[in-house]
>>> print(open('upload_16.tsv').read())   # TSV, C-alpha atoms (C1' of nucleotides)
chain	number	residue	atom	x	y	z
I	1	MET	CA	5.86	-8.45	19.14
I	2	LEU	CA	3.16	-6.50	17.37
I	3	PRO	CA	0.01	-5.23	19.10
I	4	ILE	CA	-3.02	-7.15	17.91
I	5	GLU	CA	-5.41	-4.30	17.34
I	6	GLU	CA	-3.01	-2.35	15.15
I	7	SER	CA	-1.99	-5.52	13.33
I	8	ALA	CA	-5.62	-6.17	12.48
I	9	LEU	CA	-5.77	-2.81	10.72
I	10	ILE	CA	-2.77	-3.73	8.58
I	11	LEU	CA	-4.23	-7.16	7.78
I	12	LYS	CA	-7.56	-5.58	6.88
I	13	LEU	CA	-5.72	-3.44	4.33
I	14	LEU	CA	-4.11	-6.56	2.88
I	15	GLY	CA	-7.41	-8.41	3.00
I	16	ASP	CA	-8.61	-6.93	-0.24
I	17	LYS	CA	-7.65	-8.69	-3.45
I	18	THR	CA	-6.83	-5.49	-5.31
I	19	ARG	CA	-4.60	-4.12	-2.56
I	20	LEU	CA	-2.96	-7.50	-1.99
I	21	ARG	CA	-2.12	-7.77	-5.70
I	22	MET	CA	-0.74	-4.23	-5.56
I	23	MET	CA	1.44	-5.07	-2.58
I	24	LYS	CA	2.80	-8.20	-4.23
I	25	LEU	CA	3.56	-6.27	-7.40
I	26	LEU	CA	5.28	-3.55	-5.39
I	27	ASP	CA	7.27	-6.26	-3.63
I	28	GLU	CA	8.64	-7.16	-7.05
I	29	ASP	CA	9.04	-3.69	-8.53
I	30	ALA	CA	7.91	-0.10	-8.12
I	31	CYS	CA	4.80	0.76	-10.13
I	32	CYS	CA	2.88	3.87	-11.02
I	33	VAL	CA	-0.85	4.44	-10.93
I	34	CYS	CA	-1.42	4.09	-14.65
I	35	GLU	CA	0.28	0.70	-14.67
I	36	PHE	CA	-2.10	-0.56	-12.02
I	37	VAL	CA	-5.01	0.81	-14.02
I	38	GLU	CA	-3.80	-1.14	-17.04
I	39	LEU	CA	-3.04	-4.32	-15.10
I	40	PHE	CA	-6.23	-4.44	-13.08
I	41	GLN	CA	-8.60	-3.04	-15.68
I	42	MET	CA	-10.09	-0.81	-13.04
I	43	SER	CA	-10.88	2.90	-12.98
I	44	GLN	CA	-8.07	5.25	-12.11
I	45	PRO	CA	-9.87	6.70	-9.05
I	46	ALA	CA	-10.39	3.19	-7.67
I	47	ILE	CA	-6.66	2.54	-7.95
I	48	SER	CA	-5.74	5.90	-6.42
I	49	GLN	CA	-8.03	5.31	-3.47
I	50	HIS	CA	-6.51	1.92	-2.71
I	51	LEU	CA	-3.04	3.44	-2.88
I	52	ARG	CA	-4.13	6.27	-0.62
I	53	LYS	CA	-5.19	3.78	2.04
I	54	LEU	CA	-1.87	1.97	1.82
I	55	LYS	CA	-0.01	5.26	1.97
I	56	ALA	CA	-2.10	6.47	4.90
I	57	VAL	CA	-0.61	3.81	7.16
I	58	GLY	CA	2.83	4.37	5.63
I	59	ILE	CA	3.40	0.86	4.32
I	60	VAL	CA	3.93	2.22	0.81
I	61	LYS	CA	5.76	5.37	-0.22
I	62	GLU	CA	5.65	7.45	-3.36
I	63	VAL	CA	8.17	9.17	-5.57
I	64	LYS	CA	7.18	11.66	-8.25
I	65	ARG	CA	9.11	11.40	-11.52
I	66	ARG	CA	8.06	13.58	-14.42
I	67	GLN	CA	4.29	13.15	-14.83
I	68	TRP	CA	4.13	9.91	-12.91
I	69	VAL	CA	3.84	8.94	-9.27
I	70	PHE	CA	5.70	5.74	-8.53
I	71	TYR	CA	4.77	3.68	-5.53
I	72	SER	CA	7.00	1.24	-3.70
I	73	LEU	CA	7.05	-0.65	-0.41
I	74	ASN	CA	8.31	1.21	2.62
I	75	GLU	CA	10.83	-1.28	3.90
I	76	THR	CA	11.49	0.78	7.02
I	77	HIS	CA	7.90	0.53	8.23
I	78	GLN	CA	7.23	-1.13	11.58
I	79	TYR	CA	4.92	-3.62	9.91
I	80	TYR	CA	7.12	-4.34	6.91
I	81	PRO	CA	8.46	-7.63	8.34
I	82	LEU	CA	4.92	-8.87	8.89
I	83	VAL	CA	3.84	-7.73	5.45
I	84	LYS	CA	6.89	-9.26	3.84
I	85	ALA	CA	6.30	-12.57	5.63
I	86	ILE	CA	2.89	-12.63	3.97
I	87	LEU	CA	3.99	-11.47	0.53
I	88	VAL	CA	6.77	-14.06	0.19
I	89	ARG	CA	4.12	-16.79	0.42
I	90	LEU	CA	2.07	-15.39	-2.46
I	91	GLU	CA	2.39	-16.38	-6.07
I	92	SER	CA	4.58	-14.06	-8.11
I	93	GLN	CA	3.04	-11.35	-10.25
I	94	GLN	CA	6.22	-10.99	-12.28
I	95	ASP	CA	4.52	-12.37	-15.37
I	96	LYS	CA	2.02	-9.52	-15.21
I	97	LEU	CA	4.85	-7.00	-15.31
I	98	VAL	CA	6.44	-8.84	-18.21
I	99	SER	CA	3.16	-8.72	-20.14
I	100	LEU	CA	2.95	-5.01	-19.48
I	101	THR	CA	6.45	-4.53	-20.84
I	102	GLU	CA	5.68	-6.63	-23.91
I	103	SER	CA	2.59	-4.58	-24.68
I	104	GLY	CA	4.71	-1.44	-24.42
I	105	LYS	CA	2.80	-0.12	-21.43
I	106	ARG	CA	5.46	-0.56	-18.81
I	107	ILE	CA	6.92	2.64	-17.49
I	108	ASP	CA	10.46	2.51	-16.27
I	109	CYS	CA	10.64	4.56	-13.12
I	110	GLN	CA	14.42	4.21	-12.88
I	111	ILE	CA	14.22	4.01	-9.13
I	112	GLU	CA	16.45	1.47	-7.52
I	113	LYS	CA	14.80	-0.64	-4.91
J	1	MET	CA	2.88	-20.30	-3.50
J	2	LEU	CA	-0.60	-19.18	-2.50
J	3	PRO	CA	-3.09	-17.65	-4.94
J	4	ILE	CA	-3.59	-13.99	-4.20
J	5	GLU	CA	-7.35	-13.80	-4.41
J	6	GLU	CA	-7.92	-16.65	-1.97
J	7	SER	CA	-5.18	-15.33	0.32
J	8	ALA	CA	-6.99	-12.00	0.45
J	9	LEU	CA	-10.06	-13.77	1.82
J	10	ILE	CA	-8.00	-15.33	4.60
J	11	LEU	CA	-6.35	-12.01	5.41
J	12	LYS	CA	-9.71	-10.29	5.47
J	13	LEU	CA	-10.82	-12.77	8.11
J	14	LEU	CA	-7.71	-11.99	10.16
J	15	GLY	CA	-8.18	-8.27	9.56
J	16	ASP	CA	-10.72	-7.95	12.34
J	17	LYS	CA	-9.40	-7.31	15.83
J	18	THR	CA	-11.81	-9.73	17.50
J	19	ARG	CA	-11.02	-12.59	15.12
J	20	LEU	CA	-7.30	-11.86	15.24
J	21	ARG	CA	-7.35	-11.99	19.06
J	22	MET	CA	-9.28	-15.26	18.82
J	23	MET	CA	-6.75	-16.75	16.46
J	24	LYS	CA	-3.81	-15.72	18.64
J	25	LEU	CA	-5.53	-17.20	21.69
J	26	LEU	CA	-6.24	-20.41	19.80
J	27	ASP	CA	-2.60	-20.47	18.75
J	28	GLU	CA	-1.76	-20.68	22.43
J	29	ASP	CA	-4.55	-22.98	23.62
J	30	ALA	CA	-7.96	-24.34	22.64
J	31	CYS	CA	-10.86	-22.21	23.88
J	32	CYS	CA	-14.61	-22.53	24.03
J	33	VAL	CA	-17.23	-19.95	23.16
J	34	CYS	CA	-18.05	-18.94	26.72
J	35	GLU	CA	-14.39	-18.20	27.40
J	36	PHE	CA	-14.26	-15.81	24.48
J	37	VAL	CA	-17.46	-14.19	25.71
J	38	GLU	CA	-15.84	-13.66	29.11
J	39	LEU	CA	-12.49	-12.50	27.69
J	40	PHE	CA	-13.84	-10.11	25.10
J	41	GLN	CA	-16.88	-8.89	27.01
J	42	MET	CA	-18.96	-9.32	23.90
J	43	SER	CA	-22.32	-10.95	23.32
J	44	GLN	CA	-22.36	-14.70	22.76
J	45	PRO	CA	-23.92	-14.45	19.28
J	46	ALA	CA	-21.21	-12.01	18.21
J	47	ILE	CA	-18.57	-14.50	19.30
J	48	SER	CA	-20.33	-17.42	17.64
J	49	GLN	CA	-20.62	-15.55	14.39
J	50	HIS	CA	-16.93	-14.75	14.28
J	51	LEU	CA	-16.10	-18.37	14.98
J	52	ARG	CA	-18.49	-19.49	12.28
J	53	LYS	CA	-16.63	-17.39	9.73
J	54	LEU	CA	-13.31	-18.86	10.78
J	55	LYS	CA	-14.76	-22.36	10.67
J	56	ALA	CA	-16.34	-21.73	7.27
J	57	VAL	CA	-12.92	-21.51	5.65
J	58	GLY	CA	-11.66	-24.39	7.77
J	59	ILE	CA	-8.84	-22.57	9.51
J	60	VAL	CA	-10.30	-23.48	12.91
J	61	LYS	CA	-11.91	-26.75	13.94
J	62	GLU	CA	-14.24	-27.63	16.78
J	63	VAL	CA	-14.54	-30.46	19.25
J	64	LYS	CA	-17.62	-30.96	21.41
J	65	ARG	CA	-16.96	-31.99	25.02
J	66	ARG	CA	-19.90	-32.22	27.38
J	67	GLN	CA	-21.85	-28.97	27.08
J	68	TRP	CA	-18.99	-27.05	25.52
J	69	VAL	CA	-17.66	-26.58	22.03
J	70	PHE	CA	-13.91	-26.14	21.99
J	71	TYR	CA	-12.24	-24.43	19.09
J	72	SER	CA	-8.65	-24.86	18.00
J	73	LEU	CA	-6.46	-24.04	15.02
J	74	ASN	CA	-6.56	-26.47	12.11
J	75	GLU	CA	-2.87	-27.05	11.61
J	76	THR	CA	-3.46	-29.14	8.51
J	77	HIS	CA	-5.14	-26.30	6.64
J	78	GLN	CA	-3.56	-25.08	3.42
J	79	TYR	CA	-3.30	-21.57	4.83
J	80	TYR	CA	-2.05	-22.57	8.26
J	81	PRO	CA	1.60	-21.75	7.47
J	82	LEU	CA	0.60	-18.26	6.34
J	83	VAL	CA	-1.63	-17.77	9.36
J	84	LYS	CA	1.04	-19.06	11.71
J	85	ALA	CA	3.65	-16.75	10.17
J	86	ILE	CA	1.36	-13.88	11.12
J	87	LEU	CA	0.42	-15.11	14.57
J	88	VAL	CA	4.00	-15.66	15.73
J	89	ARG	CA	4.63	-11.95	15.24
J	90	LEU	CA	1.75	-10.90	17.49
J	91	GLU	CA	1.98	-10.20	21.18
J	92	SER	CA	1.04	-13.15	23.37
J	93	GLN	CA	-2.43	-13.39	24.88
J	94	GLN	CA	-1.25	-15.91	27.43
J	95	ASP	CA	-1.80	-13.43	30.27
J	96	LYS	CA	-5.49	-13.26	29.32
J	97	LEU	CA	-5.81	-17.01	29.72
J	98	VAL	CA	-4.01	-16.84	33.06
J	99	SER	CA	-6.42	-14.17	34.29
J	100	LEU	CA	-9.32	-16.34	33.21
J	101	THR	CA	-7.91	-19.24	35.18
J	102	GLU	CA	-7.34	-17.07	38.25
J	103	SER	CA	-10.91	-15.82	38.17
J	104	GLY	CA	-12.09	-19.43	38.03
J	105	LYS	CA	-13.63	-19.03	34.61
J	106	ARG	CA	-11.20	-21.09	32.63
J	107	ILE	CA	-12.57	-24.33	31.27
J	108	ASP	CA	-10.12	-27.14	30.81
J	109	CYS	CA	-10.98	-28.84	27.57
J	110	GLN	CA	-8.44	-31.62	28.12
J	111	ILE	CA	-7.66	-31.69	24.45
J	112	GLU	CA	-4.03	-31.99	23.57
J	113	LYS	CA	-2.81	-29.65	20.92
U	1	DT	C1'	-38.89	-33.46	34.57
U	2	DG	C1'	-37.92	-28.77	34.79
U	3	DA	C1'	-34.40	-25.19	35.31
U	4	DT	C1'	-29.91	-23.90	33.93
U	5	DT	C1'	-26.04	-23.54	30.93
U	6	DA	C1'	-23.84	-23.47	26.34
U	7	DT	C1'	-24.15	-22.68	21.63
U	8	DA	C1'	-26.16	-21.64	17.04
U	9	DT	C1'	-29.05	-19.22	13.95
U	10	DA	C1'	-32.18	-15.64	12.07
U	11	DA	C1'	-33.72	-11.01	11.53
U	12	DG	C1'	-32.89	-6.24	11.74
U	13	DC	C1'	-30.02	-2.20	11.63
U	14	DG	C1'	-26.43	1.29	11.50
U	15	DT	C1'	-21.66	1.64	9.68
U	16	DT	C1'	-18.03	0.73	6.59
U	17	DT	C1'	-16.34	-0.42	2.23
U	18	DG	C1'	-15.23	-0.28	-2.61
U	19	DA	C1'	-16.76	1.09	-6.81
U	20	DT	C1'	-18.42	4.77	-10.12
U	21	DT	C1'	-18.85	9.43	-12.15
U	22	DA	C1'	-17.56	14.10	-12.09
U	23	DT	C1'	-14.21	17.38	-11.37
U	24	DA	C1'	-9.75	19.57	-10.07
U	25	DT	C1'	-4.75	19.88	-10.26
U	26	DA	C1'	-0.31	19.25	-12.28
U	27	DC	C1'	3.14	18.04	-15.59
U	28	DT	C1'	4.51	17.29	-20.68
U	29	DG	C1'	5.40	18.23	-25.25
U	30	DT	C1'	4.32	20.76	-29.49
E	1	DA	C1'	-0.32	28.73	-24.63
E	2	DC	C1'	-2.80	24.65	-25.34
E	3	DA	C1'	-3.94	19.83	-25.84
E	4	DG	C1'	-2.95	15.61	-23.85
E	5	DT	C1'	-1.59	12.68	-20.05
E	6	DA	C1'	-1.34	11.40	-15.07
E	7	DT	C1'	-3.11	11.68	-10.62
E	8	DA	C1'	-6.06	13.09	-6.67
E	9	DT	C1'	-10.30	14.19	-4.49
E	10	DA	C1'	-15.34	14.61	-3.71
E	11	DA	C1'	-19.93	12.94	-3.97
E	12	DT	C1'	-22.81	9.09	-4.36
E	13	DC	C1'	-24.53	4.45	-3.83
E	14	DA	C1'	-25.11	-0.53	-3.42
E	15	DA	C1'	-23.13	-4.30	-1.04
E	16	DA	C1'	-20.80	-6.23	2.81
E	17	DC	C1'	-19.93	-6.16	7.67
E	18	DG	C1'	-20.49	-6.59	12.65
E	19	DC	C1'	-23.37	-5.97	16.27
E	20	DT	C1'	-27.83	-6.50	18.78
E	21	DT	C1'	-32.13	-8.87	20.12
E	22	DA	C1'	-34.94	-12.79	19.81
E	23	DT	C1'	-35.32	-17.50	19.44
E	24	DA	C1'	-34.09	-22.49	18.83
E	25	DT	C1'	-31.45	-26.54	20.06
E	26	DA	C1'	-28.83	-29.45	23.02
E	27	DA	C1'	-26.53	-31.00	27.18
E	28	DT	C1'	-26.32	-30.91	32.34
E	29	DC	C1'	-27.97	-31.33	36.83
E	30	DA	C1'	-30.95	-31.04	40.90
>>> encode(input="upload_16.tsv", output="structure tokens")
Amino acid sequence: MLPIEESALILKLLGDKTRLRMMKLLDEDACCVCEFVELFQMSQPAISQHLRKLKAVGIVKEVKRRQWVFYSLNETHQYYPLVKAILVRLESQQDKLVSLTESGKRIDCQIEK
Amino acid sequence: MLPIEESALILKLLGDKTRLRMMKLLDEDACCVCEFVELFQMSQPAISQHLRKLKAVGIVKEVKRRQWVFYSLNETHQYYPLVKAILVRLESQQDKLVSLTESGKRIDCQIEK
DNA sequence: TGATTATATAAGCGTTTGATTATATACTGT
DNA sequence: ACAGTATATAATCAAACGCTTATATAATCA
């Protein structure tokens, strides 16, 4: 059973449409900052700051590969089951990743989930 | 599958510790405004305003009985399954209701869930 | 009827949030 | 080494948020 106050902090993080989209995308595949920038049509600092918040609580992790930083969900996090229970109910963003690939802007991080 | 943008609005509502406590309490039993005021030791307008936000999206409903307004979860709401999936993972607030009863401040709304 | 209790709403205010621009750091490839 | 690419951080600012106080409305009860 999760403590309510701490849970509220996690839900607040997910209660932003940009971060929630990010989390759903990361649930489907690891992504790097520049992919989010392309997908969301937002400034790179805005993306980085959202990712920083998610990383600050540990619910996402990062791996550096060449010049990129790839983010993925931290499946060992205490709140991962809660987060996952939410994400599974959200519409897939897979088509967005496919579009990215088709436009040649997808970056293969070669990290196995 | 729930749309992400709308889901983010629901999660933002739950991403406040007062509202999340309210929702968990309502998941366990209907409550009226003055009970929340007593439980949370917050001003009555603060409580009313949180409830108004929850009612605005329809995830809680109200029933008037004598001089009280009892709130409860709207189990027919489109987002109820998502909300419930979150609430079941949170620590029970049942002990808070028991304390209220013991201090003689519990109000029996006589509404069946 | 007048006092009390319960709730809602409006206005005001300090804090937080999410974006932007500017700048710094780091890695890549020629 | 240098130009280009990728990311992070800092400063700034308008908008949103959550609380308070003040006030209005409605039901209860003596």
>>> closest_atom_pairs(input="upload_16.tsv", of="range 11-67 of chain I", to="range 9-28 of chain U", cutoff="7 Å", atoms="all atoms listed in the file", output="Markdown table")
| residue | atom | partner | partner_atom | distance |
| --- | --- | --- | --- | --- |
| I:Ala46 | CA | U:DA19 | C1' | 6.8 |
| I:Arg66 | CA | U:DC27 | C1' | 6.7 |
| I:Gln67 | CA | U:DC27 | C1' | 5.1 |
>>> residues_around(input="upload_16.tsv", residues="range 9-25 of chain I", least_positions_apart="2", cutoff="6 Å", atoms="all atoms listed in the file", output="list in words")
Glu6, Ser7, Asp27, Glu28, Leu87 and Gln93 of chain I; Glu5, Ala8, Leu11, Lys12 and Gly15 of chain J
>>> closest_residue(input="upload_16.tsv", among="I:His50, I:Leu39, I:Val60, I:Ala30", to="chain U", atoms="all atoms listed in the file")
I:His50
>>> closest_atom_pairs(input="upload_16.tsv", of="chain E", to="chain I", cutoff="10 Å", atoms="all atoms listed in the file", output="JSON lines")
{"residue": "E:DT5", "atom": "C1'", "partner": "I:Gln67", "partner_atom": "CA", "distance": 7.9}
{"residue": "E:DA6", "atom": "C1'", "partner": "I:Gln67", "partner_atom": "CA", "distance": 5.9}
{"residue": "E:DT7", "atom": "C1'", "partner": "I:Val33", "partner_atom": "CA", "distance": 7.6}
{"residue": "E:DA8", "atom": "C1'", "partner": "I:Ser48", "partner_atom": "CA", "distance": 7.2}
{"residue": "E:DT9", "atom": "C1'", "partner": "I:Pro45", "partner_atom": "CA", "distance": 8.8}
>>> interface_residues(input="upload_16.tsv", of="chain U", to="chain J", cutoff="8 Å", atoms="only C-alpha atoms (C1' of nucleotides)", output="list in words")
DT5, DA6, DT7 and DA8 of chain U
>>> closest_residue(input="upload_16.tsv", among="I:Leu51, I:Val57, I:Phe36, I:Lys84", to="chain J", atoms="all atoms listed in the file")
I:Lys84
>>> closest_residue(input="upload_16.tsv", among="J:Ser99, J:Ser92, J:Gln41, J:Gln78", to="chain I", atoms="all atoms listed in the file")
J:Ser92
>>> atom_distance(input="upload_16.tsv", atom1="CA of Ser43 in chain J", atom2="C1' of DC29 in chain E")
25.1 Å
>>> decode(input="upload_16.tsv", residues="range 3-30 of chain U", atoms="N, CA, C and O atoms (P, O5', C5', C4', C3', O3' and C1' of nucleotides)", output="short mmCIF file (atom, residue, chain, number, x, y, z; two decimals), in the first residue's frame")
data_model
loop_
_atom_site.label_atom_id
_atom_site.label_comp_id
_atom_site.auth_asym_id
_atom_site.auth_seq_id
_atom_site.Cartn_x
_atom_site.Cartn_y
_atom_site.Cartn_z
P DA U 3 -30.74 36.83 16.77
"O5'" DA U 3 -30.08 35.42 17.04
"C5'" DA U 3 -30.44 34.68 18.22
"C4'" DA U 3 -29.81 33.30 18.17
"C3'" DA U 3 -28.33 33.30 17.78
"O3'" DA U 3 -27.63 32.34 18.55
"C1'" DA U 3 -29.56 32.03 16.21
P DT U 4 -26.08 32.06 18.30
"O5'" DT U 4 -26.10 30.68 17.50
"C5'" DT U 4 -26.95 29.61 17.96
"C4'" DT U 4 -26.81 28.42 17.02
"C3'" DT U 4 -25.38 28.18 16.53
"O3'" DT U 4 -25.07 26.80 16.72
"C1'" DT U 4 -26.89 28.26 14.70
P DT U 5 -23.64 26.20 16.38
"O5'" DT U 5 -23.92 25.43 15.02
"C5'" DT U 5 -25.01 24.51 14.94
"C4'" DT U 5 -25.12 23.99 13.52
"C3'" DT U 5 -23.77 23.61 12.88
"O3'" DT U 5 -23.92 22.34 12.28
"C1'" DT U 5 -24.97 25.08 11.47
P DA U 6 -22.69 21.58 11.58
"O5'" DA U 6 -22.95 21.91 10.05
"C5'" DA U 6 -24.11 21.38 9.42
"C4'" DA U 6 -24.07 21.73 7.94
"C3'" DA U 6 -22.70 21.50 7.29
"O3'" DA U 6 -22.88 20.69 6.14
"C1'" DA U 6 -23.52 23.67 6.80
P DT U 7 -21.64 20.24 5.25
"O5'" DT U 7 -21.66 21.34 4.11
"C5'" DT U 7 -22.84 21.48 3.31
"C4'" DT U 7 -22.72 22.69 2.42
"C3'" DT U 7 -21.47 22.72 1.54
"O3'" DT U 7 -21.88 22.45 0.21
"C1'" DT U 7 -22.03 24.87 2.41
P DA U 8 -20.85 22.55 -1.00
"O5'" DA U 8 -21.01 24.07 -1.46
"C5'" DA U 8 -22.30 24.57 -1.79
"C4'" DA U 8 -22.19 25.97 -2.33
"C3'" DA U 8 -21.10 26.15 -3.39
"O3'" DA U 8 -21.68 26.84 -4.49
"C1'" DA U 8 -20.79 27.72 -1.65
P DT U 9 -20.86 27.07 -5.83
"O5'" DT U 9 -20.36 28.58 -5.67
"C5'" DT U 9 -21.32 29.58 -5.31
"C4'" DT U 9 -20.61 30.89 -5.08
"C3'" DT U 9 -19.50 31.22 -6.08
"O3'" DT U 9 -19.73 32.53 -6.56
"C1'" DT U 9 -18.75 31.55 -3.88
P DA U 10 -18.97 33.07 -7.86
"O5'" DA U 10 -18.22 34.35 -7.28
"C5'" DA U 10 -18.89 35.22 -6.38
"C4'" DA U 10 -17.90 36.17 -5.76
"C3'" DA U 10 -16.74 36.58 -6.68
"O3'" DA U 10 -16.57 37.99 -6.58
"C1'" DA U 10 -15.88 35.71 -4.66
P DA U 11 -15.60 38.76 -7.58
"O5'" DA U 11 -14.45 39.26 -6.60
"C5'" DA U 11 -14.81 39.74 -5.31
"C4'" DA U 11 -13.55 39.93 -4.48
"C3'" DA U 11 -12.32 40.38 -5.28
"O3'" DA U 11 -11.66 41.39 -4.54
"C1'" DA U 11 -11.81 38.41 -4.08
P DG U 12 -10.37 42.16 -5.17
"O5'" DG U 12 -9.17 41.56 -4.30
"C5'" DG U 12 -9.32 41.47 -2.89
"C4'" DG U 12 -8.13 40.75 -2.31
"C3'" DG U 12 -6.80 41.10 -2.98
"O3'" DG U 12 -5.83 41.37 -1.96
"C1'" DG U 12 -7.11 38.76 -2.97
P DC U 13 -4.37 41.92 -2.37
"O5'" DC U 13 -3.44 40.67 -2.06
"C5'" DC U 13 -3.70 39.87 -0.91
"C4'" DC U 13 -2.76 38.68 -0.91
"C3'" DC U 13 -1.45 38.95 -1.66
"O3'" DC U 13 -0.36 38.41 -0.95
"C1'" DC U 13 -2.49 37.02 -2.52
P DG U 14 1.13 39.02 -1.18
"O5'" DG U 14 2.04 37.75 -0.92
"C5'" DG U 14 1.79 36.89 0.20
"C4'" DG U 14 2.09 35.46 -0.18
"C3'" DG U 14 3.48 35.24 -0.79
"O3'" DG U 14 4.03 34.04 -0.26
"C1'" DG U 14 1.81 34.46 -2.28
P DT U 15 5.47 33.54 -0.74
"O5'" DT U 15 5.13 32.26 -1.62
"C5'" DT U 15 4.19 31.30 -1.12
"C4'" DT U 15 4.02 30.18 -2.11
"C3'" DT U 15 5.33 29.69 -2.75
"O3'" DT U 15 5.34 28.27 -2.62
"C1'" DT U 15 3.74 30.25 -4.44
P DT U 16 6.55 27.37 -3.21
"O5'" DT U 16 5.91 26.83 -4.58
"C5'" DT U 16 4.58 26.32 -4.55
"C4'" DT U 16 4.16 25.91 -5.94
"C3'" DT U 16 5.24 25.17 -6.74
"O3'" DT U 16 4.62 24.02 -7.29
"C1'" DT U 16 4.41 27.01 -7.99
P DT U 17 5.41 22.98 -8.23
"O5'" DT U 17 4.99 23.48 -9.68
"C5'" DT U 17 3.61 23.66 -9.96
"C4'" DT U 17 3.44 24.12 -11.40
"C3'" DT U 17 4.37 23.40 -12.39
"O3'" DT U 17 3.57 22.93 -13.45
"C1'" DT U 17 4.53 25.75 -12.64
P DG U 18 4.06 21.76 -14.44
"O5'" DG U 18 4.33 22.54 -15.79
"C5'" DG U 18 3.28 23.27 -16.40
"C4'" DG U 18 3.85 24.16 -17.48
"C3'" DG U 18 4.90 23.50 -18.37
"O3'" DG U 18 4.68 23.91 -19.72
"C1'" DG U 18 5.81 25.44 -17.43
P DA U 19 5.34 23.09 -20.92
"O5'" DA U 19 6.06 24.24 -21.76
"C5'" DA U 19 5.27 25.25 -22.37
"C4'" DA U 19 6.00 26.58 -22.37
"C3'" DA U 19 7.31 26.60 -23.13
"O3'" DA U 19 7.10 26.98 -24.48
"C1'" DA U 19 7.42 27.86 -21.09
P DT U 20 8.35 26.92 -25.48
"O5'" DT U 20 9.07 28.33 -25.22
"C5'" DT U 20 8.33 29.55 -25.25
"C4'" DT U 20 9.26 30.72 -24.94
"C3'" DT U 20 10.56 30.66 -25.74
"O3'" DT U 20 10.72 31.82 -26.55
"C1'" DT U 20 11.03 30.86 -23.39
P DT U 21 11.91 31.73 -27.63
"O5'" DT U 21 13.10 32.41 -26.80
"C5'" DT U 21 12.93 33.71 -26.25
"C4'" DT U 21 14.19 34.12 -25.52
"C3'" DT U 21 15.47 33.98 -26.35
"O3'" DT U 21 16.30 35.13 -26.16
"C1'" DT U 21 15.67 32.71 -24.36
P DA U 22 17.68 35.29 -26.95
"O5'" DA U 22 18.75 34.86 -25.86
"C5'" DA U 22 18.66 35.41 -24.56
"C4'" DA U 22 19.78 34.85 -23.69
"C3'" DA U 22 21.12 34.67 -24.43
"O3'" DA U 22 22.17 35.14 -23.60
"C1'" DA U 22 20.44 32.62 -23.46
P DT U 23 23.68 35.15 -24.14
"O5'" DT U 23 24.28 33.84 -23.46
"C5'" DT U 23 24.11 33.65 -22.05
"C4'" DT U 23 24.56 32.27 -21.66
"C3'" DT U 23 25.92 31.85 -22.25
"O3'" DT U 23 26.80 31.57 -21.19
"C1'" DT U 23 24.32 30.11 -22.41
P DA U 24 28.35 31.20 -21.50
"O5'" DA U 24 28.40 29.69 -20.99
"C5'" DA U 24 27.83 29.35 -19.72
"C4'" DA U 24 27.87 27.85 -19.55
"C3'" DA U 24 29.19 27.20 -19.98
"O3'" DA U 24 29.59 26.27 -18.99
"C1'" DA U 24 27.38 26.19 -21.12
P DT U 25 31.04 25.58 -19.09
"O5'" DT U 25 30.71 24.09 -19.50
"C5'" DT U 25 29.70 23.37 -18.79
"C4'" DT U 25 29.40 22.07 -19.52
"C3'" DT U 25 30.65 21.33 -20.01
"O3'" DT U 25 30.55 19.99 -19.56
"C1'" DT U 25 29.07 21.51 -21.74
P DA U 26 31.83 18.99 -19.64
"O5'" DA U 26 31.40 17.97 -20.79
"C5'" DA U 26 30.10 17.38 -20.75
"C4'" DA U 26 29.82 16.69 -22.08
"C3'" DA U 26 31.07 16.03 -22.69
"O3'" DA U 26 30.70 14.74 -23.14
"C1'" DA U 26 30.02 17.40 -24.26
P DC U 27 31.80 13.56 -23.29
"O5'" DC U 27 31.38 12.86 -24.66
"C5'" DC U 27 29.99 12.64 -24.94
"C4'" DC U 27 29.74 12.80 -26.42
"C3'" DC U 27 30.78 12.08 -27.30
"O3'" DC U 27 30.10 11.16 -28.14
"C1'" DC U 27 30.38 14.29 -28.07
P DT U 28 30.89 10.19 -29.18
"O5'" DT U 28 30.69 10.93 -30.58
"C5'" DT U 28 29.48 11.62 -30.86
"C4'" DT U 28 29.43 12.02 -32.33
"C3'" DT U 28 30.34 11.23 -33.26
"O3'" DT U 28 29.63 10.94 -34.44
"C1'" DT U 28 30.92 13.54 -33.31
P DG U 29 30.21 9.90 -35.52
"O5'" DG U 29 30.76 10.88 -36.64
"C5'" DG U 29 29.90 11.88 -37.18
"C4'" DG U 29 30.70 12.81 -38.08
"C3'" DG U 29 31.69 12.08 -38.99
"O3'" DG U 29 31.74 12.80 -40.23
"C1'" DG U 29 32.86 13.60 -37.65
P DT U 30 32.36 12.07 -41.54
"O5'" DT U 30 33.19 13.25 -42.21
"C5'" DT U 30 32.60 14.55 -42.30
"C4'" DT U 30 33.70 15.61 -42.35
"C3'" DT U 30 34.86 15.23 -43.29
"O3'" DT U 30 35.10 16.31 -44.17
"C1'" DT U 30 35.69 15.88 -41.16
#
